[in-house]
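Have a look at the structure below, then the notes.
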Amino acid sequence: MTNKALGISSPIGLVAGGGAMPFAVADSLVARGISPVLFALRGACDPARVQRFRHHWISVGQLGRAMRLFRSENCRDLVFIGILVRPALSEIRLDWGTLRVLGRVLAAFRGGDDHLLSGIGGILEQDGFRMVGIKDVAPDLLMPEGCLTRITPDRNASADIALGREVLSALGPYDVGQAVIVIDGHVIGVEDIEGTDSLLARVARLRSEGRIRAATRRGVLVKAPKRGQDLRFDLPTVGVRTVEGASGAGLAGIAIAAGNAIVAEPQAMIEAADAAGVFVIGLSA
């Protein structure tokens, strides 16, 4: 089975960074009869978990080697998935394939993460590959609409969600981040280069220091893609760690853009949220 609308081919190449998502996507593909080949990024992808799948190791900057491996495995369609800390240009191991397009690589590095990934994706597409997204290859991993947990947002939480969505919409053109925390109508923090986990840890620290005086189980983490973002790249992701971070920060819940965010290990996430007394809701467009 493949996506007939796009003519998704098998095997599919997964350029795999850190975290659980590369393996969740690979399992989803296998379950639907599509063969994944993982191109594991050194220093990011889990070396133990990748052993379950056909794989090759590549380093950031090795475009020439990567493209040779993509072709050798007959992977026309490619997906970028997983966590990757953006390297400094001085840390990139350039090969001749990268040097050939160095100007475009440098241009890609001058923007945010979405700009970087779409820039590299554009280079690959010029060489005959096709970049596809989670929506195309593993739609079962996308956040559904509606509340997934026993606890639902109350009136205060709903107002915080609405404000959070407005803030993310306003910040979208500046490529700042994909998440914001709002407590009782006040914007407490916005995701920066450190990511959502660090944002939640920062709010937990501010609570412990008495800088946030609102009662616990107030406030919401709101996550959504940036406005105008290429949805094949860098979709917001939530999972058990997000729930644990939200609970530690004393929040009432998490609100995520339905259909435009990835859920890692959904059943475990829901169980963790119910146990912590935190709601998780998918927001309609």
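Convention: chains lettered A, B, ... in structure tokens order; per-chain residue numbering from 1; ligands numbered from 1 as shown.
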Any idea what's packed within 9 Å of Ala249 in chain A, counting only C-alpha atoms, ignoring anything in its chain fewer than 6 positions away? Could you give it as a ChimeraX atom specification? /A:200-207,216-217
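Residues in contact with Lys135 in chain A at up to 9 Å, not including ones fewer than 2 positions away on its chain and judged by only C-alpha atoms, are Val132, Gly133, Val137, Ala138, Pro139, Asp140, Leu141, Leu142, Leu231, Arg232, Gly259 and Asn260 of chain A.
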Can those selected residues be exported to a file as a CSV table (one decimal), in the first residue's frame so that it contains all heavy atoms?
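As written to disk, out.csv reads:
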chain,number,residue,atom,x,y,z
A,132,VAL,N,9.0,14.4,0.8
A,132,VAL,CA,7.6,14.2,1.2
A,132,VAL,C,7.6,14.4,2.7
A,132,VAL,O,8.6,14.4,3.4
A,132,VAL,CB,7.0,12.9,0.8
A,132,VAL,CG1,6.9,12.8,-0.8
A,132,VAL,CG2,7.9,11.7,1.3
A,133,GLY,N,6.4,14.5,3.3
A,133,GLY,CA,6.2,14.8,4.7
A,133,GLY,C,5.5,13.7,5.4
A,133,GLY,O,5.0,12.7,4.8
A,137,VAL,N,3.3,10.1,4.3
A,137,VAL,CA,3.8,8.8,4.5
A,137,VAL,C,3.3,8.1,5.8
A,137,VAL,O,3.2,6.9,5.9
A,137,VAL,CB,5.3,8.7,4.4
A,137,VAL,CG1,5.8,9.3,3.1
A,137,VAL,CG2,5.9,9.4,5.6
A,138,ALA,N,2.9,8.9,6.8
A,138,ALA,CA,2.5,8.3,8.1
A,138,ALA,C,1.4,9.2,8.7
A,138,ALA,O,1.6,9.7,9.8
A,138,ALA,CB,3.7,8.1,9.0
A,139,PRO,N,0.3,9.3,8.0
A,139,PRO,CA,-0.8,10.2,8.6
A,139,PRO,C,-1.4,9.7,9.9
A,139,PRO,O,-1.9,10.5,10.6
A,139,PRO,CB,-1.9,10.2,7.5
A,139,PRO,CG,-1.6,9.0,6.7
A,139,PRO,CD,-0.1,8.8,6.7
A,140,ASP,N,-1.2,8.4,10.2
A,140,ASP,CA,-1.7,7.9,11.5
A,140,ASP,C,-0.9,8.5,12.7
A,140,ASP,O,-1.4,8.3,13.8
A,140,ASP,CB,-1.6,6.4,11.5
A,140,ASP,CG,-0.2,5.9,11.2
A,140,ASP,OD1,0.4,6.3,10.1
A,140,ASP,OD2,0.4,5.1,11.9
A,141,LEU,N,0.2,9.1,12.4
A,141,LEU,CA,1.0,9.7,13.5
A,141,LEU,C,0.7,11.2,13.8
A,141,LEU,O,1.2,11.8,14.7
A,141,LEU,CB,2.5,9.6,13.2
A,141,LEU,CG,3.0,8.2,13.1
A,141,LEU,CD1,4.5,8.2,12.8
A,141,LEU,CD2,2.8,7.4,14.4
A,142,LEU,N,-0.3,11.7,13.0
A,142,LEU,CA,-0.7,13.1,13.2
A,142,LEU,C,-1.7,13.3,14.3
A,142,LEU,O,-2.5,12.4,14.6
A,142,LEU,CB,-1.2,13.7,11.9
A,142,LEU,CG,-0.3,13.8,10.7
A,142,LEU,CD1,-1.0,14.2,9.5
A,142,LEU,CD2,0.9,14.7,11.0
A,231,LEU,N,5.0,22.3,5.3
A,231,LEU,CA,4.6,21.3,6.2
A,231,LEU,C,5.3,20.0,6.0
A,231,LEU,O,5.0,19.0,6.7
A,231,LEU,CB,3.1,21.2,6.2
A,231,LEU,CG,2.3,22.5,6.7
A,231,LEU,CD1,0.8,22.3,6.6
A,231,LEU,CD2,2.7,22.9,8.1
A,232,ARG,N,6.2,19.9,5.0
A,232,ARG,CA,6.9,18.6,4.9
A,232,ARG,C,8.1,18.6,5.9
A,232,ARG,O,8.7,17.6,6.1
A,232,ARG,CB,7.5,18.5,3.5
A,232,ARG,CG,6.5,18.4,2.4
A,232,ARG,CD,7.1,18.4,1.0
A,232,ARG,NE,7.8,19.7,0.8
A,232,ARG,CZ,8.6,19.9,-0.3
A,232,ARG,NH1,8.8,19.0,-1.2
A,232,ARG,NH2,9.1,21.1,-0.4
A,259,GLY,N,-3.7,17.7,12.9
A,259,GLY,CA,-3.4,17.4,11.5
A,259,GLY,C,-2.0,18.1,11.1
A,259,GLY,O,-1.5,17.8,10.0
A,260,ASN,N,-1.5,18.9,11.9
A,260,ASN,CA,-0.2,19.6,11.5
A,260,ASN,C,0.8,19.5,12.6
A,260,ASN,O,1.7,20.3,12.8
A,260,ASN,CB,-0.5,21.1,11.3
A,260,ASN,CG,-1.2,21.3,10.0
A,260,ASN,OD1,-1.0,20.6,9.0
A,260,ASN,ND2,-2.1,22.3,9.9
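The two atoms in question, CA of Ile81 in chain A and CA of Gly248 in chain A, are spaced 26.9 Å apart.
When only C-alpha atoms are used to compute distances to Tyr174 in chain A, the closest of the residues A:Ala215, A:Asp136, A:Pro144, A:Gln229 turns out to be A:Gln229.
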What residues in range 36-283 of chain A get the DSSP label helix (DSSP H, G or I)? Please answer as number ranges by chain. A: 49-52, 63-72, 89-91, 96-99, 102-109, 113-126, 134-137, 139-141, 155-174, 196-208, 240-248, 266-276
Using C-alpha atoms, can you export the residues from the last selection as a compact mmCIF listing (two decimals), in the first residue's frame?
# COMPACT_ATOMS: atom_id res chain seq x y z
CA ARG A 49 17.16 1.37 17.84
CA VAL A 50 18.25 1.87 14.23
CA GLN A 51 19.52 -1.72 14.11
CA ARG A 52 15.94 -2.97 13.62
CA LEU A 63 25.34 15.45 0.55
CA GLY A 64 27.36 13.65 -2.09
CA ARG A 65 27.60 10.44 -0.05
CA ALA A 66 23.95 10.70 0.97
CA MET A 67 22.74 11.04 -2.60
CA ARG A 68 24.85 8.07 -3.72
CA LEU A 69 23.31 5.98 -0.94
CA PHE A 70 19.77 7.17 -1.74
CA ARG A 71 20.26 6.05 -5.35
CA SER A 72 21.89 2.75 -4.40
CA LEU A 89 29.24 25.57 9.70
CA SER A 90 32.73 24.83 11.05
CA GLU A 91 31.46 21.47 12.37
CA TRP A 96 32.59 17.03 -2.91
CA GLY A 97 28.85 16.74 -3.41
CA THR A 98 28.32 19.48 -0.82
CA LEU A 99 31.08 21.70 -2.19
CA LEU A 102 28.10 25.20 -1.28
CA GLY A 103 26.52 28.56 -2.10
CA ARG A 104 23.03 27.12 -1.71
CA VAL A 105 23.99 25.31 1.51
CA LEU A 106 25.31 28.57 2.98
CA ALA A 107 22.10 30.35 1.97
CA ALA A 108 20.03 27.63 3.68
CA PHE A 109 21.95 28.15 6.93
CA ASP A 113 15.33 25.46 11.00
CA ASP A 114 12.44 25.31 8.53
CA HIS A 115 14.43 27.44 6.07
CA LEU A 116 17.48 25.19 6.49
CA LEU A 117 15.55 21.97 5.92
CA SER A 118 13.58 23.33 2.97
CA GLY A 119 16.82 24.67 1.47
CA ILE A 120 18.55 21.27 1.70
CA GLY A 121 15.37 19.64 0.43
CA GLY A 122 15.40 21.94 -2.58
CA ILE A 123 18.97 20.88 -3.41
CA LEU A 124 17.98 17.21 -3.25
CA GLU A 125 14.91 17.79 -5.41
CA GLN A 126 17.08 19.39 -8.09
CA ILE A 134 4.66 12.85 7.53
CA LYS A 135 1.23 13.82 6.20
CA ASP A 136 2.08 11.86 3.04
CA VAL A 137 3.76 8.76 4.49
CA PRO A 139 -0.79 10.22 8.56
CA ASP A 140 -1.67 7.91 11.48
CA LEU A 141 0.99 9.72 13.53
CA ARG A 155 -13.10 28.35 30.44
CA ASN A 156 -9.79 29.81 31.65
CA ALA A 157 -7.75 27.27 29.72
CA SER A 158 -9.80 27.85 26.58
CA ALA A 159 -9.10 31.59 26.79
CA ASP A 160 -5.37 30.89 27.22
CA ILE A 161 -5.46 28.61 24.18
CA ALA A 162 -7.08 31.33 22.06
CA LEU A 163 -4.43 33.87 23.10
CA GLY A 164 -1.64 31.37 22.48
CA ARG A 165 -2.86 30.78 18.94
CA GLU A 166 -2.93 34.52 18.28
CA VAL A 167 0.64 34.91 19.58
CA LEU A 168 1.97 32.06 17.42
CA SER A 169 0.21 33.48 14.36
CA ALA A 170 1.79 36.90 14.97
CA LEU A 171 5.27 35.44 15.54
CA GLY A 172 5.14 33.09 12.55
CA PRO A 173 6.81 35.41 9.99
CA TYR A 174 9.81 35.87 12.31
CA THR A 196 9.84 23.02 23.89
CA ASP A 197 11.38 20.87 26.65
CA SER A 198 13.62 23.74 27.70
CA LEU A 199 10.70 26.19 27.58
CA LEU A 200 8.74 23.97 29.97
CA ALA A 201 11.77 23.55 32.24
CA ARG A 202 12.20 27.33 32.32
CA VAL A 203 8.58 27.83 33.42
CA ALA A 204 8.99 25.13 36.08
CA ARG A 205 12.05 26.96 37.40
CA LEU A 206 10.23 30.30 37.43
CA ARG A 207 7.42 28.71 39.44
CA SER A 208 9.89 27.24 41.95
CA VAL A 240 5.35 11.65 26.89
CA ARG A 241 8.24 14.03 27.56
CA THR A 242 6.04 16.98 26.62
CA VAL A 243 3.37 15.83 29.06
CA GLU A 244 5.94 15.34 31.81
CA GLY A 245 7.34 18.81 31.15
CA ALA A 246 3.88 20.42 31.17
CA SER A 247 3.04 18.68 34.44
CA GLY A 248 6.34 19.77 35.98
CA PRO A 266 0.21 8.41 21.40
CA GLN A 267 -1.16 5.77 23.79
CA ALA A 268 1.72 6.26 26.23
CA MET A 269 1.25 10.03 25.98
CA ILE A 270 -2.47 9.82 26.79
CA GLU A 271 -1.85 7.49 29.73
CA ALA A 272 0.83 9.83 31.10
CA ALA A 273 -1.48 12.84 30.71
CA ASP A 274 -4.39 11.12 32.47
CA ALA A 275 -2.09 10.05 35.30
CA ALA A 276 -0.75 13.60 35.69
I'd like the contact shell of range 34-47 of chain A - 8 Å cut-off, only C-alpha atoms, skipping same-chain residues fewer than 6 positions apart - returned as a VMD selection string. chain A and resid 1 to 2 10 to 19 26 53 to 60 66 73 75 82 to 84
Would you please extract all strand (DSSP E or B) residues from range 94-219 of chain A, as assigned by DSSP on the backbone, and give them as an MDAnalysis selection string? chainID A and resid 130:131 142 146:147 179:183 186:190
Take the residues just selected and output them with N, CA, C and O atoms as an mmCIF file, in the first residue's frame.
data_model
loop_
_atom_site.group_PDB
_atom_site.id
_atom_site.type_symbol
_atom_site.label_atom_id
_atom_site.label_comp_id
_atom_site.auth_asym_id
_atom_site.auth_seq_id
_atom_site.Cartn_x
_atom_site.Cartn_y
_atom_site.Cartn_z
ATOM 1 N N ARG A 130 12.522 13.429 -4.340
ATOM 2 C CA ARG A 130 11.308 14.138 -3.967
ATOM 3 C C ARG A 130 11.175 14.134 -2.448
ATOM 4 O O ARG A 130 11.241 13.079 -1.810
ATOM 5 N N MET A 131 11.007 15.319 -1.882
ATOM 6 C CA MET A 131 10.816 15.439 -0.439
ATOM 7 C C MET A 131 9.327 15.311 -0.133
ATOM 8 O O MET A 131 8.495 16.006 -0.728
ATOM 9 N N LEU A 142 -0.296 11.737 13.022
ATOM 10 C CA LEU A 142 -0.659 13.137 13.191
ATOM 11 C C LEU A 142 -1.670 13.310 14.327
ATOM 12 O O LEU A 142 -2.489 12.439 14.593
ATOM 13 N N GLY A 146 -9.739 17.308 18.648
ATOM 14 C CA GLY A 146 -10.526 16.997 19.833
ATOM 15 C C GLY A 146 -9.656 16.632 21.022
ATOM 16 O O GLY A 146 -8.437 16.507 20.918
ATOM 17 N N CYS A 147 -10.300 16.468 22.165
ATOM 18 C CA CYS A 147 -9.589 16.187 23.408
ATOM 19 C C CYS A 147 -9.334 14.680 23.523
ATOM 20 O O CYS A 147 -10.243 13.864 23.337
ATOM 21 N N ALA A 179 5.953 27.133 19.761
ATOM 22 C CA ALA A 179 5.214 26.910 21.003
ATOM 23 C C ALA A 179 5.236 28.153 21.874
ATOM 24 O O ALA A 179 6.187 28.936 21.845
ATOM 25 N N VAL A 180 4.168 28.310 22.660
ATOM 26 C CA VAL A 180 4.050 29.421 23.592
ATOM 27 C C VAL A 180 3.317 28.926 24.832
ATOM 28 O O VAL A 180 2.487 28.001 24.741
ATOM 29 N N ILE A 181 3.639 29.480 25.994
ATOM 30 C CA ILE A 181 2.925 29.161 27.228
ATOM 31 C C ILE A 181 2.177 30.409 27.693
ATOM 32 O O ILE A 181 2.773 31.487 27.815
ATOM 33 N N VAL A 182 0.879 30.235 27.921
ATOM 34 C CA VAL A 182 0.022 31.320 28.394
ATOM 35 C C VAL A 182 -0.622 30.870 29.705
ATOM 36 O O VAL A 182 -1.172 29.760 29.783
ATOM 37 N N ILE A 183 -0.536 31.712 30.740
ATOM 38 C CA ILE A 183 -1.152 31.417 32.032
ATOM 39 C C ILE A 183 -2.037 32.588 32.428
ATOM 40 O O ILE A 183 -1.558 33.718 32.560
ATOM 41 N N HIS A 186 -1.704 35.739 30.425
ATOM 42 C CA HIS A 186 -0.378 36.338 30.327
ATOM 43 C C HIS A 186 0.556 35.404 29.552
ATOM 44 O O HIS A 186 0.619 34.197 29.851
ATOM 45 N N VAL A 187 1.289 35.951 28.590
ATOM 46 C CA VAL A 187 2.276 35.163 27.850
ATOM 47 C C VAL A 187 3.509 35.017 28.737
ATOM 48 O O VAL A 187 4.209 35.979 29.018
ATOM 49 N N ILE A 188 3.776 33.793 29.168
ATOM 50 C CA ILE A 188 4.852 33.523 30.114
ATOM 51 C C ILE A 188 6.156 33.178 29.413
ATOM 52 O O ILE A 188 7.247 33.509 29.882
ATOM 53 N N GLY A 189 6.073 32.516 28.274
ATOM 54 C CA GLY A 189 7.299 32.130 27.572
ATOM 55 C C GLY A 189 7.007 31.715 26.151
ATOM 56 O O GLY A 189 5.920 31.215 25.842
ATOM 57 N N VAL A 190 7.982 31.924 25.280
ATOM 58 C CA VAL A 190 7.898 31.543 23.875
ATOM 59 C C VAL A 190 9.071 30.620 23.566
ATOM 60 O O VAL A 190 10.192 30.859 24.023
#
Taken to one decimal, the CA of Phe279 in chain A-CA of Val222 in chain A distance is 11.8 Å
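Take the candidates A:Pro225, A:Gly219, A:Gly128, A:Pro236 and check each one against Gly250 in chain A using only C-alpha atoms; the shortest distance goes to A:Gly219.
Rounded to one decimal, CA of Ala285 in chain A and CA of Leu235 in chain A lie 14.8 Å from each other.
Between Pro22 in chain A and the candidates A:Ala257, A:Val176, A:Val263, A:Val280, the tightest atom-to-atom separation, counting only C-alpha atoms, involves A:Val263.
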